file work.tsv (TSV, C-alpha atoms)
chain	number	residue	atom	x	y	z
O	1	MET	CA	1.79	14.53	-8.33
O	2	HIS	CA	2.51	17.90	-6.72
O	3	ARG	CA	2.15	20.74	-9.21
O	4	ASN	CA	3.28	24.26	-8.55
O	5	ALA	CA	1.09	27.14	-9.62
O	6	THR	CA	4.17	28.72	-11.12
O	7	PRO	CA	6.51	26.27	-12.81
O	8	ASN	CA	10.17	26.30	-11.87
O	9	ARG	CA	12.61	27.87	-14.24
O	10	ILE	CA	15.75	26.23	-15.54
O	11	PHE	CA	18.91	28.35	-15.59
O	12	ILE	CA	21.92	26.92	-17.41
O	13	ILE	CA	25.33	28.33	-16.47
O	14	ALA	CA	28.16	26.77	-18.47
O	15	HIS	CA	31.36	27.37	-20.40
O	16	ALA	CA	30.67	29.34	-23.59
O	17	PRO	CA	29.01	28.45	-25.92
O	18	LEU	CA	27.52	25.44	-24.15
O	19	ALA	CA	24.81	27.20	-22.14
O	20	HIS	CA	23.11	28.88	-25.08
O	21	ALA	CA	23.72	25.88	-27.32
O	22	LEU	CA	21.90	23.62	-24.85
O	23	ARG	CA	19.09	26.15	-24.58
O	24	GLN	CA	18.73	26.18	-28.36
O	25	CYS	CA	18.53	22.37	-28.40
O	26	VAL	CA	15.75	22.44	-25.81
O	27	LEU	CA	13.78	25.04	-27.74
O	28	HIS	CA	14.10	22.87	-30.84
O	29	VAL	CA	12.39	20.02	-28.97
O	30	PHE	CA	10.03	22.12	-26.82
O	31	PRO	CA	9.38	25.26	-28.92
O	32	ASP	CA	7.14	26.89	-26.30
O	33	SER	CA	9.50	26.48	-23.32
O	34	GLY	CA	11.49	29.64	-24.06
O	35	ASP	CA	10.22	31.61	-21.05
O	36	GLY	CA	11.21	28.88	-18.64
O	37	VAL	CA	14.79	28.24	-19.75
O	38	MET	CA	17.56	30.80	-19.34
O	39	ALA	CA	21.22	30.53	-20.23
O	40	LEU	CA	24.42	32.29	-19.26
O	41	ASP	CA	27.60	31.54	-21.18
O	42	VAL	CA	30.70	31.97	-19.04
O	43	GLN	CA	33.37	33.65	-21.16
O	44	PRO	CA	37.04	32.94	-20.42
O	45	ASN	CA	37.94	36.65	-20.38
O	46	VAL	CA	35.26	37.69	-17.87
O	47	SER	CA	35.96	37.66	-14.12
O	48	PRO	CA	33.90	35.40	-11.85
O	49	GLU	CA	32.56	38.49	-10.05
O	50	GLU	CA	31.22	39.94	-13.28
O	51	THR	CA	29.73	36.59	-14.23
O	52	LEU	CA	28.09	36.34	-10.82
O	53	ALA	CA	26.62	39.83	-11.23
O	54	SER	CA	25.18	38.87	-14.64
O	55	ALA	CA	23.79	35.65	-13.19
O	56	ARG	CA	22.14	37.55	-10.30
O	57	ILE	CA	20.39	39.88	-12.74
O	58	ILE	CA	18.99	36.91	-14.65
O	59	LEU	CA	17.96	35.12	-11.46
O	60	GLN	CA	16.19	38.19	-10.07
O	61	GLN	CA	13.92	38.32	-13.08
O	62	GLN	CA	12.00	35.48	-11.48
O	63	ARG	CA	8.65	36.60	-10.10
O	64	SER	CA	7.63	33.48	-8.23
O	65	GLY	CA	8.42	29.79	-8.30
O	66	GLY	CA	11.84	28.23	-7.95
O	67	THR	CA	14.88	28.05	-10.17
O	68	LEU	CA	16.91	24.95	-10.92
O	69	VAL	CA	20.43	25.98	-11.89
O	70	LEU	CA	22.27	23.50	-14.10
O	71	THR	CA	25.99	23.78	-14.68
O	72	ASP	CA	28.45	21.70	-16.68
O	73	VAL	CA	31.33	20.48	-14.51
O	74	PHE	CA	31.95	20.56	-10.79
O	75	GLY	CA	34.94	22.64	-9.68
O	76	ALA	CA	35.07	24.87	-12.77
O	77	THR	CA	34.24	28.58	-12.79
O	78	PRO	CA	30.62	28.25	-14.00
O	79	CYS	CA	29.90	25.84	-11.15
O	80	ASN	CA	31.80	27.97	-8.63
O	81	VAL	CA	29.77	31.01	-9.65
O	82	ALA	CA	26.54	29.00	-9.50
O	83	GLN	CA	27.37	27.82	-5.98
O	84	ARG	CA	27.57	31.44	-4.83
O	85	LEU	CA	24.34	32.20	-6.65
O	86	VAL	CA	21.90	29.62	-5.31
O	87	ASP	CA	20.36	29.89	-1.85
O	88	GLY	CA	19.34	26.24	-1.57
O	89	VAL	CA	15.68	27.12	-0.97
O	90	ARG	CA	14.22	28.93	-3.95
O	91	SER	CA	17.12	27.95	-6.17
O	92	LYS	CA	19.05	24.68	-6.28
O	93	LEU	CA	22.08	23.51	-8.21
O	94	VAL	CA	22.88	20.35	-10.17
O	95	THR	CA	26.12	19.88	-12.10
O	96	GLY	CA	26.98	17.61	-15.04
O	97	VAL	CA	24.28	18.99	-17.32
O	98	ASN	CA	23.58	17.10	-20.53
O	99	LEU	CA	20.72	17.10	-23.00
O	100	PRO	CA	18.86	14.11	-21.48
O	101	MET	CA	18.93	15.89	-18.11
O	102	LEU	CA	17.71	19.10	-19.64
O	103	LEU	CA	14.86	17.53	-21.61
O	104	ARG	CA	13.71	15.74	-18.50
O	105	THR	CA	13.80	18.80	-16.29
O	106	VAL	CA	11.81	20.84	-18.80
O	107	THR	CA	9.22	18.06	-18.90
O	108	TYR	CA	8.85	18.02	-15.12
O	109	ARG	CA	9.42	21.66	-14.27
O	110	HIS	CA	5.93	21.97	-12.74
O	111	GLU	CA	6.95	19.65	-9.91
O	112	ALA	CA	8.31	20.82	-6.56
O	113	LEU	CA	11.92	22.00	-6.75
O	114	ASP	CA	13.26	19.11	-4.66
O	115	ALA	CA	11.52	16.58	-6.90
O	116	LEU	CA	12.91	18.36	-9.93
O	117	VAL	CA	16.46	18.03	-8.57
O	118	ALA	CA	15.95	14.26	-8.35
O	119	ARG	CA	14.51	14.17	-11.88
O	120	ALA	CA	17.56	16.03	-13.18
O	121	VAL	CA	20.09	13.74	-11.52
O	122	VAL	CA	18.36	10.53	-12.61
O	123	GLY	CA	17.71	11.81	-16.15
O	124	GLY	CA	21.28	12.90	-16.63
O	125	THR	CA	22.65	9.60	-15.35
O	126	GLN	CA	20.34	7.35	-17.34
O	127	GLY	CA	21.14	9.22	-20.54
O	128	VAL	CA	24.74	7.99	-20.43
O	129	MET	CA	25.18	4.45	-21.75
O	130	GLN	CA	27.15	2.43	-24.26
O	131	VAL	CA	25.10	2.03	-27.42
O	132	ALA	CA	25.40	-1.51	-28.74
O	133	ILE	CA	25.04	-2.56	-32.37
O	134	THR	CA	21.79	-4.26	-31.45
O	135	ALA	CA	18.73	-2.08	-30.98
O	136	PRO	CA	18.86	0.01	-27.77
O	137	GLN	CA	15.70	-1.49	-26.38
O	138	ASN	CA	17.45	-4.88	-26.27
O	139	GLN	CA	20.33	-3.61	-24.19
O	140	ALA	CA	20.62	-4.32	-20.53
O	141	ARG	CA	20.59	-1.16	-18.47
O	142	ARG	CA	24.05	-0.15	-17.37
O	143	LYS	CA	24.94	-1.08	-13.83
O	144	HIS	CA	26.15	1.66	-11.54
O	145	ASP	CA	29.65	0.19	-11.62
O	146	PRO	CA	30.03	-2.84	-13.90
O	147	ASP	CA	33.39	-3.78	-12.34
O	148	GLU	CA	31.98	-3.48	-8.86
O	149	TYR	CA	34.82	-1.31	-7.64
O	150	ASN	CA	32.37	0.42	-5.34
O	151	HIS	CA	34.84	0.36	-2.49
O	152	GLN	CA	37.19	2.62	-4.46
O	153	GLN	CA	34.68	5.40	-4.96
N	1	MET	CA	-7.70	-0.23	-19.47
N	2	ILE	CA	-7.72	-0.03	-23.23
N	3	GLN	CA	-4.93	-0.80	-25.64
N	4	THR	CA	-4.39	-0.27	-29.34
N	5	ASN	CA	-1.57	-1.16	-31.71
N	6	ILE	CA	-0.43	1.45	-34.19
N	7	THR	CA	2.47	1.80	-36.61
N	8	ILE	CA	4.78	4.82	-36.46
N	9	SER	CA	4.47	6.41	-39.91
N	10	ASN	CA	6.48	9.65	-39.81
N	11	ARG	CA	9.86	9.60	-41.56
N	12	LEU	CA	11.95	10.45	-38.48
N	13	GLY	CA	10.14	8.05	-36.13
N	14	LEU	CA	9.86	8.79	-32.40
N	15	HIS	CA	12.71	11.31	-32.42
N	16	ALA	CA	13.15	14.06	-29.83
N	17	ARG	CA	10.53	16.53	-31.03
N	18	ALA	CA	7.93	13.85	-31.74
N	19	SER	CA	8.58	12.30	-28.33
N	20	ALA	CA	8.15	15.72	-26.73
N	21	LYS	CA	4.76	16.18	-28.39
N	22	LEU	CA	3.68	12.69	-27.35
N	23	THR	CA	4.73	13.10	-23.72
N	24	LYS	CA	3.17	16.54	-23.48
N	25	LEU	CA	-0.13	15.23	-24.83
N	26	ALA	CA	-0.04	12.15	-22.59
N	27	GLY	CA	0.76	14.36	-19.60
N	28	SER	CA	-2.36	16.44	-20.19
N	29	PHE	CA	-4.59	13.47	-19.27
N	30	PRO	CA	-5.17	12.23	-15.74
N	31	CYS	CA	-5.00	8.53	-16.64
N	32	ASP	CA	-1.88	6.36	-16.90
N	33	VAL	CA	-0.53	6.24	-20.44
N	34	TRP	CA	1.96	3.60	-21.57
N	35	ILE	CA	3.67	2.96	-24.86
N	36	ALA	CA	5.25	-0.41	-25.60
N	37	ARG	CA	7.47	-1.83	-28.30
N	38	GLY	CA	7.70	-5.60	-28.04
N	39	ASP	CA	8.12	-6.46	-24.37
N	40	ARG	CA	9.53	-3.06	-23.45
N	41	LYS	CA	6.87	-0.80	-21.97
N	42	VAL	CA	7.51	2.78	-20.84
N	43	ASN	CA	5.55	5.64	-19.33
N	44	ALA	CA	4.34	7.75	-22.27
N	45	LYS	CA	4.56	10.84	-20.05
N	46	SER	CA	8.36	10.43	-19.77
N	47	ILE	CA	10.31	11.85	-22.70
N	48	MET	CA	13.50	9.89	-22.03
N	49	GLY	CA	11.49	6.68	-21.69
N	50	VAL	CA	9.75	7.25	-25.01
N	51	MET	CA	13.02	8.09	-26.76
N	52	MET	CA	14.64	4.92	-25.37
N	53	LEU	CA	12.15	2.89	-27.40
N	54	ALA	CA	14.05	4.07	-30.50
N	55	ALA	CA	10.92	3.42	-32.55
N	56	GLY	CA	11.61	4.33	-36.17
N	57	ILE	CA	9.26	4.51	-39.14
N	58	GLY	CA	7.38	1.24	-39.64
N	59	THR	CA	7.69	0.19	-36.00
N	60	GLU	CA	4.51	-1.11	-34.42
N	61	VAL	CA	3.91	0.17	-30.91
N	62	ARG	CA	1.16	-0.55	-28.41
N	63	ILE	CA	-0.59	2.31	-26.61
N	64	GLU	CA	-2.24	1.57	-23.28
N	65	THR	CA	-4.39	4.01	-21.32
N	66	ASP	CA	-5.82	3.27	-17.90
N	67	GLY	CA	-7.98	5.46	-15.65
N	68	ALA	CA	-10.01	8.63	-15.98
N	69	SER	CA	-10.44	9.89	-19.56
N	70	GLU	CA	-8.69	6.79	-20.92
N	71	GLN	CA	-10.74	6.83	-24.15
N	72	ALA	CA	-10.09	10.52	-24.78
N	73	ALA	CA	-6.38	10.01	-24.13
N	74	MET	CA	-6.26	7.04	-26.50
N	75	ASP	CA	-8.09	8.94	-29.26
N	76	ALA	CA	-5.83	11.96	-28.92
N	77	ILE	CA	-2.61	9.93	-28.99
N	78	LEU	CA	-3.68	7.82	-31.97
N	79	ALA	CA	-4.65	11.02	-33.80
N	80	LEU	CA	-1.22	12.53	-33.10
N	81	ILE	CA	0.62	9.46	-34.42
N	82	GLN	CA	-1.67	9.22	-37.45
N	83	ASP	CA	-1.04	12.90	-38.14
N	84	LYS	CA	2.70	12.04	-38.27
N	85	PHE	CA	3.17	14.32	-35.24
N	86	GLY	CA	2.27	17.30	-37.42
N	87	GLU	CA	5.47	16.85	-39.42
N	88	GLY	CA	3.76	16.20	-42.74
N	89	GLU	CA	6.03	13.31	-43.76
call {"tool": "encode", "arguments": {"input": "work.tsv", "output": "structure tokens"}}
result
Amino acid sequence: MHRNATPNRIFIIAHAPLAHALRQCVLHVFPDSGDGVMALDVQPNVSPEETLASARIILQQQRSGGTLVLTDVFGATPCNVAQRLVDGVRSKLVTGVNLPMLLRTVTYRHEALDALVARAVVGGTQGVMQVAITAPQNQARRKHDPDEYNHQQ
Amino acid sequence: MIQTNITISNRLGLHARASAKLTKLAGSFPCDVWIARGDRKVNAKSIMGVMMLAAGIGTEVRIETDGASEQAAMDAILALIQDKFGEGE
């Protein structure tokens, strides 16, 4: 497994109060991960330019290593701001953040940034499932598209 | 490869924080570490895998370690579970 000398940081940009709420959840599970996880709540009354400026200040605090930016929903202001923020080399962007994705990225944040992007996407996807009345470990894993309407996607 | 069965004895079972401690500890060893409940076996270094086991109090799980430092890894993981993940109950 490739391990970076400096672990990547996770930067959550989301509609208020989701970013800081998610960060708090992560710190509850991983109490010593505080330095590696940052959050920026996007307030409805703040312009995208101001939000971008705030985000740049937070991003520039990084000394070395990469940053994985996680945002909540594609097409919304937090994601639009994040797209202008990341350079695609030292910082990369994944949208659709949820707690499974976040826990997984914190676990693997020592890996190369590209590998971490893959971890985030898979972790976020696998965390979404119908929970049956039977124990979860007896459930079949959800298919990508149970109705097989792949041609419509 | 060595394997040992152990019963989860903390009140909250393998919940998020306990799973985090387990995966962090497992990840500090070079060997493969697996945890199994019945016929479902997951990588003990993967937090989402461990949480998917949904192993509550009283659940018997099987720990498997394989490779360098496998005995040290096994001892450390059994100690963590026996210590109720440091939760005291």
call {"tool": "interface_residues", "arguments": {"input": "work.tsv", "of": "chain N", "to": "chain O", "cutoff": "10 Å", "atoms": "only C-alpha atoms", "output": "list in words"}}
result
His15, Ala16, Arg17, Ala18, Ser19, Ala20, Lys21, Thr23, Lys24, Gly27, Arg37, Gly38, Asp39, Arg40, Lys41, Lys45, Ser46, Ile47, Met48, Gly49, Met51, Met52, Leu53, Ala54 and Ala55 of chain N
call {"tool": "write_last_selection", "arguments": {"input": "work.tsv", "atoms": "C-alpha atoms", "output": "PDB file, in the coordinates of the input"}}
result
ATOM      1  CA  HIS N  15      12.710  11.310 -32.420  1.00  0.00           C
ATOM      2  CA  ALA N  16      13.150  14.060 -29.830  1.00  0.00           C
ATOM      3  CA  ARG N  17      10.530  16.530 -31.030  1.00  0.00           C
ATOM      4  CA  ALA N  18       7.930  13.850 -31.740  1.00  0.00           C
ATOM      5  CA  SER N  19       8.580  12.300 -28.330  1.00  0.00           C
ATOM      6  CA  ALA N  20       8.150  15.720 -26.730  1.00  0.00           C
ATOM      7  CA  LYS N  21       4.760  16.180 -28.390  1.00  0.00           C
ATOM      8  CA  THR N  23       4.730  13.100 -23.720  1.00  0.00           C
ATOM      9  CA  LYS N  24       3.170  16.540 -23.480  1.00  0.00           C
ATOM     10  CA  GLY N  27       0.760  14.360 -19.600  1.00  0.00           C
ATOM     11  CA  ARG N  37       7.470  -1.830 -28.300  1.00  0.00           C
ATOM     12  CA  GLY N  38       7.700  -5.600 -28.040  1.00  0.00           C
ATOM     13  CA  ASP N  39       8.120  -6.460 -24.370  1.00  0.00           C
ATOM     14  CA  ARG N  40       9.530  -3.060 -23.450  1.00  0.00           C
ATOM     15  CA  LYS N  41       6.870  -0.800 -21.970  1.00  0.00           C
ATOM     16  CA  LYS N  45       4.560  10.840 -20.050  1.00  0.00           C
ATOM     17  CA  SER N  46       8.360  10.430 -19.770  1.00  0.00           C
ATOM     18  CA  ILE N  47      10.310  11.850 -22.700  1.00  0.00           C
ATOM     19  CA  MET N  48      13.500   9.890 -22.030  1.00  0.00           C
ATOM     20  CA  GLY N  49      11.490   6.680 -21.690  1.00  0.00           C
ATOM     21  CA  MET N  51      13.020   8.090 -26.760  1.00  0.00           C
ATOM     22  CA  MET N  52      14.640   4.920 -25.370  1.00  0.00           C
ATOM     23  CA  LEU N  53      12.150   2.890 -27.400  1.00  0.00           C
ATOM     24  CA  ALA N  54      14.050   4.070 -30.500  1.00  0.00           C
ATOM     25  CA  ALA N  55      10.920   3.420 -32.550  1.00  0.00           C
TER      26      ALA N  55
END
call {"tool": "atom_distance", "arguments": {"input": "work.tsv", "atom1": "CA of Met129 in chain O", "atom2": "CA of Gly34 in chain O"}}
result
28.8 Å
call {"tool": "atom_distance", "arguments": {"input": "work.tsv", "atom1": "CA of Pro30 in chain N", "atom2": "CA of Thr59 in chain N"}}
result
26.8 Å
call {"tool": "residues_near_point", "arguments": {"input": "work.tsv", "point": "(36.4, 31.8, -9.9)", "cutoff": "8 Å", "atoms": "all atoms listed in the file", "output": "ChimeraX atom specification"}}
result
/O:47-49,76-78,80-81
call {"tool": "atom_distance", "arguments": {"input": "work.tsv", "atom1": "CA of Pro7 in chain O", "atom2": "CA of Ala26 in chain N"}}
result
18.4 Å
call {"tool": "residues_around", "arguments": {"input": "work.tsv", "residues": "Ile63 in chain N", "least_positions_apart": "4", "cutoff": "7 Å", "atoms": "all atoms listed in the file", "output": "PDB file with C-alpha atoms, keeping the file's coordinate frame"}}
result
ATOM      1  CA  GLN N   3      -4.930  -0.800 -25.640  1.00  0.00           C
ATOM      2  CA  THR N   4      -4.390  -0.270 -29.340  1.00  0.00           C
ATOM      3  CA  ASN N   5      -1.570  -1.160 -31.710  1.00  0.00           C
ATOM      4  CA  TRP N  34       1.960   3.600 -21.570  1.00  0.00           C
ATOM      5  CA  ILE N  35       3.670   2.960 -24.860  1.00  0.00           C
ATOM      6  CA  ALA N  36       5.250  -0.410 -25.600  1.00  0.00           C
TER       7      ALA N  36
END
call {"tool": "closest_residue", "arguments": {"input": "work.tsv", "among": "N:Leu22, N:Leu12, N:Gly86, N:Ala44", "to": "Thr65 in chain N", "atoms": "only C-alpha atoms"}}
result
N:Ala44
call {"tool": "closest_residue", "arguments": {"input": "work.tsv", "among": "O:Asp114, O:Ala21, O:Thr67, O:Asp32", "to": "Asn98 in chain O", "atoms": "only C-alpha atoms"}}
result
O:Ala21
call {"tool": "residues_around", "arguments": {"input": "work.tsv", "residues": "Ala39 in chain O", "least_positions_apart": "6", "cutoff": "8 Å", "atoms": "all atoms listed in the file", "output": "list in words"}}
result
Phe11, Ile12, Ile13, Ala19, His20 and Arg23 of chain O
